[in-house]
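K.L.:
My questions will all concern the structure given below.
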Amino acid sequence: MNQQTKHRHKFSLFDEQTGNIPCGNIVYIIAFFIPVIIFTALYFAREIFPFGNNCYLRSDMYHQYAPFFSELWYKIRNAESLTYSWDIGMGTNFTSLYAYYLASPANWIIVLFPQKYMIEIMNTLIILKLSLSSVSMTHYISRHFSNKNICIALFGLFYAFSGYVAAYSWNIMWLDSVVLLPLIVLGLERLVKEHKGLLYTITLGLAILSNYYIAIMICLSMVIYFFVLIISENLGNKKNYMKSIFCFIGYSLLAGGVASVLLLPEMAALQYTASSDFSFPKVMTRYFSFFAMFKRHLINVDVHLGLEHHPNIYCGVAAFVLVPLFVMSKKISKKEKITKMIALFIFLTAFNMNIPNFIWHGFHFPNSLPCRQSFIYVFLILEICYEAAVNIRDYSEKQLAGSMWGVLLFLMYIGNSLGDKDIDFRSIYLSGIFIVIYVLFFFFIKKWKQYTSYFLVAIFAVAIVEVTMNTEKTGYGTTVRSAYLKDYEGVSTVINDVEKNDTSFYRIHKYKGYRSKNDATWNNFHSTSTFSSTAYAGLTSFYGSLGLEHSTNAYALNGATPLIYSIFNVKYLLTNEHMPDNDIFTYYSGNDGEFLYKNEYALPLAYMVPGDIDENLLYTVETNPFNVQN
């Protein structure tokens with residue numbers, strides 16, 4: 001037995017019994033480095049630094065993550081408190097912001113590198129996390145199906161290059177959950193079958209700790225998958241079933257307890273945000289048909305980030321063939337087929353109906369970025385597809401041909417009923433071509449068993465081409481790096497200059513030339529603006545009453561009068577344009593096109609006010625901001 005175990009875990013390229021290639025632990029290396037190479041090639045094609053003058057800063061990564069990562073770097077390097085920050089919106093609870101945006105343990109690696117390369121550090125972390133997600137998916141399939149053939153790395157590849165990743169790879173705070181999900185499911189299976197909960201507790205706790213919001217969706221999916229396992233698995237007697245139920249409840253609570261050090265402060269802080277208010281939908285509505293969702297499985301379908309709720313669920317067009325084959329398989333129990341199809345149906349209804357959509361997103365409708373749980377659906381689809389693929393020789397030629405022609409007829413139907421502007425007819429034809437190629441290889445594997453390894457390598461090569469084409473077409477929008485960093489040195493110089501000469505507490509407002517409401521965290525100075533999901537609703541409302549810029553999760557001093565600058569302790573204005581001379585703001589210093597002006601009438605952090613201010617400051621009822629200021 002020891003000798004067999006030794007051979008089973010031996011690092012090898014060839015399977016010593018069958019001669020299949022590649023096989024063994026090398027598949028983990030393949031699962032990691034193939035995505036690294038593809039993503040690096042995509043960076044090269046997009047001319048992302050150091051291959052050009054672009055950088056990958058998309059959506060919230062541009063406005064929030066890069067500045068917040070810079071603030072975390074500054075706090076760690078200077079041994080500052082992680083509980084509070086004056087650099088965000090007049091001062092804010094940094095613990096809640098850290099829990100929401102920055103809690104991934106991997107983020108602490110940023111402290112090892114210079115702050116000015118923060119964008120490149122984040123871009124590298126994205127590649128590493130997505131490549132690790134390929135490894136974790138590969139590891140799940142290897143353990144679940146006791147297989148280390150190259151084909152398991154193929155499904156890791158599809159997982160790492162799914163439509164979800166193409167749409168949301170910039171959302172670096174969600175990627176830990178993508179990496180951890182296969183391990184959480186593997187832990188849940190061990191818990192149910194063997195009543196061992198260590199892996200499940202650690203991985204689920206880490207997912208909750210890294211990003212509680214996506215963890216809500218993982219927890220909901222684990223409840224669904226738990227019932228799939230309880231129903232489809234033969235656990236023996238009633239005692240084992242009851243033990244599995246109690247283990248699931250107990251270890252799930254323990255995982256939440258592990259993450260409570262950040263979860264509880266975050267929950268408390270979110271009660272004071274505008275997003276804490278919700279109203280449960282009273283009427284069930286449908287966003288679109290199931291056919292509209294199935295189109296999202298096609299290759300080269302543009303990702304959706306808007307408010308129309310379209311899911312990003314591409315995970316390889318072979319799924320169109322493999323899912324029907326899963327249903328037809330005689331080796332898979334009816335219980336497993338039924339329960340997993342029901343699970344898929346639950347996910348699909350959550351994509352296209354308002355009330356399930358509301359529940360899955362933590363009893364809140366997402367403000368754009370729809371179907372944020374779709375990576376879990378992708379995982380389930382790929383698990384089903386692998387179970388069909390691993391039994392490919394057991395299907396008759398009639399079943400393989402029928403599945404292929406059924407899919408091609410379905411694609412023809414889609415082509416004749418195109419109504420979605422985001423679906424290009426070329427996506428249908430290209431998907432059909434790849435499907436035919438995959439099915440032909442299935443026939444070859446069935447007919448010429450002695451060449452199976454070579455056919456698998458060929459399928460892997462085709463899959464690499466497919467996912468690369470899809471990601472190149474649908475993912476990785478870029479920003480000009482030099483434009484984003486243009487004012488970095490100039491702002492840093494004038495900020496450091498004033499810090500050396502002014503030891504009092506003061507705030508700086510970026511008056512002209514700002515990129516986002518979080519520029520202060522990018523250059524680390526005390527500010528009055530923020531764009532954050534943890535923004536305090538009371539201060540947002542107060543800004544609005546004063547006539548200042550504000551929205552659901554953001555507020556800024558744009559539109560301020562000299563009075564506002566004074567009472568908010570804005571002692572300096574930062575601008576990339578010279579201001580006209582006046583008695584209120586006087587020129588202080590400048591460097592590299594960035595200028596600092598001093599407010600001669602700024603009040604300190606705290607000051608005395610009349611005792612009857614509560615009665616006279618009627619900002620909650622007065623709609624005219626000038627009256628409020630008066």
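The chains in the structure tokens are called A, B, ... from first to last as shown; in each chain the residues are counted from 1, and the ligands are counted from 1 in the order shown.
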If you count only C-alpha atoms, which residues fall within 8 Å of Gly316 in chain A, apart from same-chain ones fewer than 3 positions away, as a list of chain:residue names?

P.N.:
A:Phe158, A:Ser162, A:His297, A:Leu298, A:Ile299, A:Ala319, A:Ala463, A:Glu466, A:Val467

K.L.:
Given only C-alpha atoms, how would the per-residue table for range 93-134 of chain A near range 201-206 of chain A read, listing every residue at most 12 Å away with its closest atom pair and distance in Å to one decimal, sorted by chain and number, as CSV?

P.N.:
```
residue,atom,partner,partner_atom,distance
A:Ala103,CA,A:Leu206,CA,9.7
A:Ser104,CA,A:Leu206,CA,8.4
A:Pro105,CA,A:Leu206,CA,8.9
A:Ala106,CA,A:Leu206,CA,11.4
```

K.L.:
Write out as a VMD selection string each polymer residue whose atoms come within 10 Å of Leu485 in chain A, counting only C-alpha atoms; drop sequence neighbours fewer than 5 positions from it.

P.N.:
chain A and resid 116 to 117 119 480 490

K.L.:
Go ahead and dump the residues you just picked, C-alpha atoms, as an mmCIF file, in the first residue's frame.

P.N.:
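Generated file (result_20.cif):
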```cif
data_model
loop_
_atom_site.group_PDB
_atom_site.id
_atom_site.type_symbol
_atom_site.label_atom_id
_atom_site.label_comp_id
_atom_site.auth_asym_id
_atom_site.auth_seq_id
_atom_site.Cartn_x
_atom_site.Cartn_y
_atom_site.Cartn_z
ATOM 1 C CA LYS A 116 4.213 54.287 -7.187
ATOM 2 C CA TYR A 117 3.931 50.767 -8.669
ATOM 3 C CA ILE A 119 -1.208 49.621 -10.272
ATOM 4 C CA VAL A 480 -3.498 55.267 -20.194
ATOM 5 C CA GLY A 490 3.861 66.916 -8.405
#
```

K.L.:
At a cut-off of 9 Å, using only C-alpha atoms, what residues contact Gly91 in chain A? Leave out same-chain residues fewer than 3 positions from it and give the result as a PyMOL selection string.

P.N.:
chain A and resi 84-88+94+526-528

K.L.:
Please extract the residues of range 79-304 of chain A with a backbone DSSP assignment of strand (DSSP E or B) and present them as a ChimeraX atom specification.

P.N.:
/A:84-85,92-93,149,273,286

K.L.:
With distances taken over only C-alpha atoms, which residue among A:Ser589, A:Thr273, A:Thr285, A:Thr478 lies nearest Phe44 in chain A?

P.N.:
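Under the stated criterion, the closest residue is A:Thr478.
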
K.L.:
Identify, with DSSP run on backbone atoms, the residues in range 49-207 of chain A assigned to helix (DSSP H, G or I), and express the list as a ChimeraX atom specification.

P.N.:
/A:60-77,94-102,105-112,115-145,150-160,163-168,172-194,198-207

K.L.:
Measuring atom to atom with only C-alpha atoms, identify which of A:Met137, A:Asn582, A:Phe227, A:Val303 is nearest to Gly477 in chain A.

P.N.:
A:Val303

K.L.:
Between A:Val111, A:Ile126, A:Met267, A:Ile29, which residue has the minimum interatomic distance to Tyr43 in chain A, considering only C-alpha atoms?

P.N.:
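The answer is A:Ile126, which sits nearest to Tyr43 in chain A.
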
K.L.:
As number ranges by chain, please: the residues near range 557-565 of chain A (cut-off 7 Å, only C-alpha atoms, same-chain neighbours under 5 positions excluded).

P.N.:
A: 528-529, 547-549, 570, 602

K.L.:
With N, CA, C and O atoms retained, could you export that selection as a PDB file, in the first residue's frame?

P.N.:
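Result saved to result_27.pdb:
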```
ATOM      1  N   THR A 528     -11.956  65.657   1.992  1.00  0.00           N
ATOM      2  CA  THR A 528     -13.363  65.923   2.302  1.00  0.00           C
ATOM      3  C   THR A 528     -14.295  65.155   1.359  1.00  0.00           C
ATOM      4  O   THR A 528     -15.502  65.391   1.371  1.00  0.00           O
ATOM      5  N   SER A 529     -13.758  64.272   0.540  1.00  0.00           N
ATOM      6  CA  SER A 529     -14.563  63.597  -0.478  1.00  0.00           C
ATOM      7  C   SER A 529     -14.356  62.089  -0.398  1.00  0.00           C
ATOM      8  O   SER A 529     -13.329  61.614   0.084  1.00  0.00           O
ATOM      9  N   GLY A 547     -25.749  72.000  -0.656  1.00  0.00           N
ATOM     10  CA  GLY A 547     -25.587  72.259  -2.078  1.00  0.00           C
ATOM     11  C   GLY A 547     -24.328  71.660  -2.667  1.00  0.00           C
ATOM     12  O   GLY A 547     -23.894  72.061  -3.755  1.00  0.00           O
ATOM     13  N   LEU A 548     -23.741  70.688  -1.987  1.00  0.00           N
ATOM     14  CA  LEU A 548     -22.507  70.060  -2.455  1.00  0.00           C
ATOM     15  C   LEU A 548     -22.823  68.777  -3.222  1.00  0.00           C
ATOM     16  O   LEU A 548     -23.911  68.215  -3.096  1.00  0.00           O
ATOM     17  N   GLU A 549     -21.855  68.302  -3.988  1.00  0.00           N
ATOM     18  CA  GLU A 549     -22.055  67.088  -4.775  1.00  0.00           C
ATOM     19  C   GLU A 549     -22.258  65.884  -3.856  1.00  0.00           C
ATOM     20  O   GLU A 549     -21.516  65.676  -2.893  1.00  0.00           O
ATOM     21  N   VAL A 570     -10.847  73.200   5.572  1.00  0.00           N
ATOM     22  CA  VAL A 570     -10.094  73.048   4.334  1.00  0.00           C
ATOM     23  C   VAL A 570      -9.085  74.199   4.279  1.00  0.00           C
ATOM     24  O   VAL A 570      -9.416  75.310   3.875  1.00  0.00           O
ATOM     25  N   ALA A 602      -9.477  79.482   7.360  1.00  0.00           N
ATOM     26  CA  ALA A 602      -9.886  78.131   7.746  1.00  0.00           C
ATOM     27  C   ALA A 602     -10.016  78.014   9.254  1.00  0.00           C
ATOM     28  O   ALA A 602      -9.140  78.456  10.007  1.00  0.00           O
TER      29      ALA A 602
END
```

K.L.:
What is the CA of Arg372 in chain A-CA of Ser177 in chain A distance in Å, reported with one decimal?

P.N.:
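Computed distance, CA of Arg372 in chain A to CA of Ser177 in chain A, equals 11.2 Å.
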
K.L.:
Fewer than 3 positions away in the same chain doesn't count, so skip those; otherwise give me all residues within 9 Å of Tyr438 in chain A, counting only C-alpha atoms, as a list in words.

P.N.:
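Final neighbour list, sorted by chain and number: Ala318, Ile433, Phe434, Ile435, Phe441, Phe442, Phe443, Ile459 and Val462 of chain A.
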
K.L.:
Would you mind reading off the distance between CA of Ser427 in chain A and CA of Asn300 in chain A, one decimal, in Å?

P.N.:
5.7 Å

K.L.:
Can you tell me how far CA of Tyr386 in chain A sits from CA of Ser134 in chain A, in Å to one decimal?

P.N.:
14.3 Å

K.L.:
Considering only C-alpha atoms, state which residue in the set A:His63, A:Ala160, A:Leu132, A:Gly52 is at the smallest distance from Ala554 in chain A.

P.N.:
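Nearest to Ala554 in chain A: A:His63.
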
K.L.:
Can you pull out every residue within 9 Å of Ala535 in chain A, counting only C-alpha atoms, but drop anything in the same chain fewer than 3 positions away, and send it as a list in words?

P.N.:
Gly89, Thr92, Leu97, Leu270, Tyr272, Thr273, Ala274, Thr530, Phe531, Ser532, Gly538, Leu539, Thr540, Thr552, Asn553, Ala554 and Tyr555 of chain A

K.L.:
Smallest atom-to-atom distance to Trp448 in chain A: which of A:Phe326, A:Glu499, A:Arg393, A:Arg507, using only C-alpha atoms?

P.N.:
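Using only C-alpha atoms, Trp448 in chain A sits closest to A:Arg393.
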
K.L.:
From the set A:Tyr251, A:Ala269, A:Lys598, A:Asp424, which residue has the shortest atom-to-atom contact distance to Asp502 in chain A, counting only C-alpha atoms?

P.N.:
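Answer, going by the shortest atom-to-atom distance: A:Lys598.
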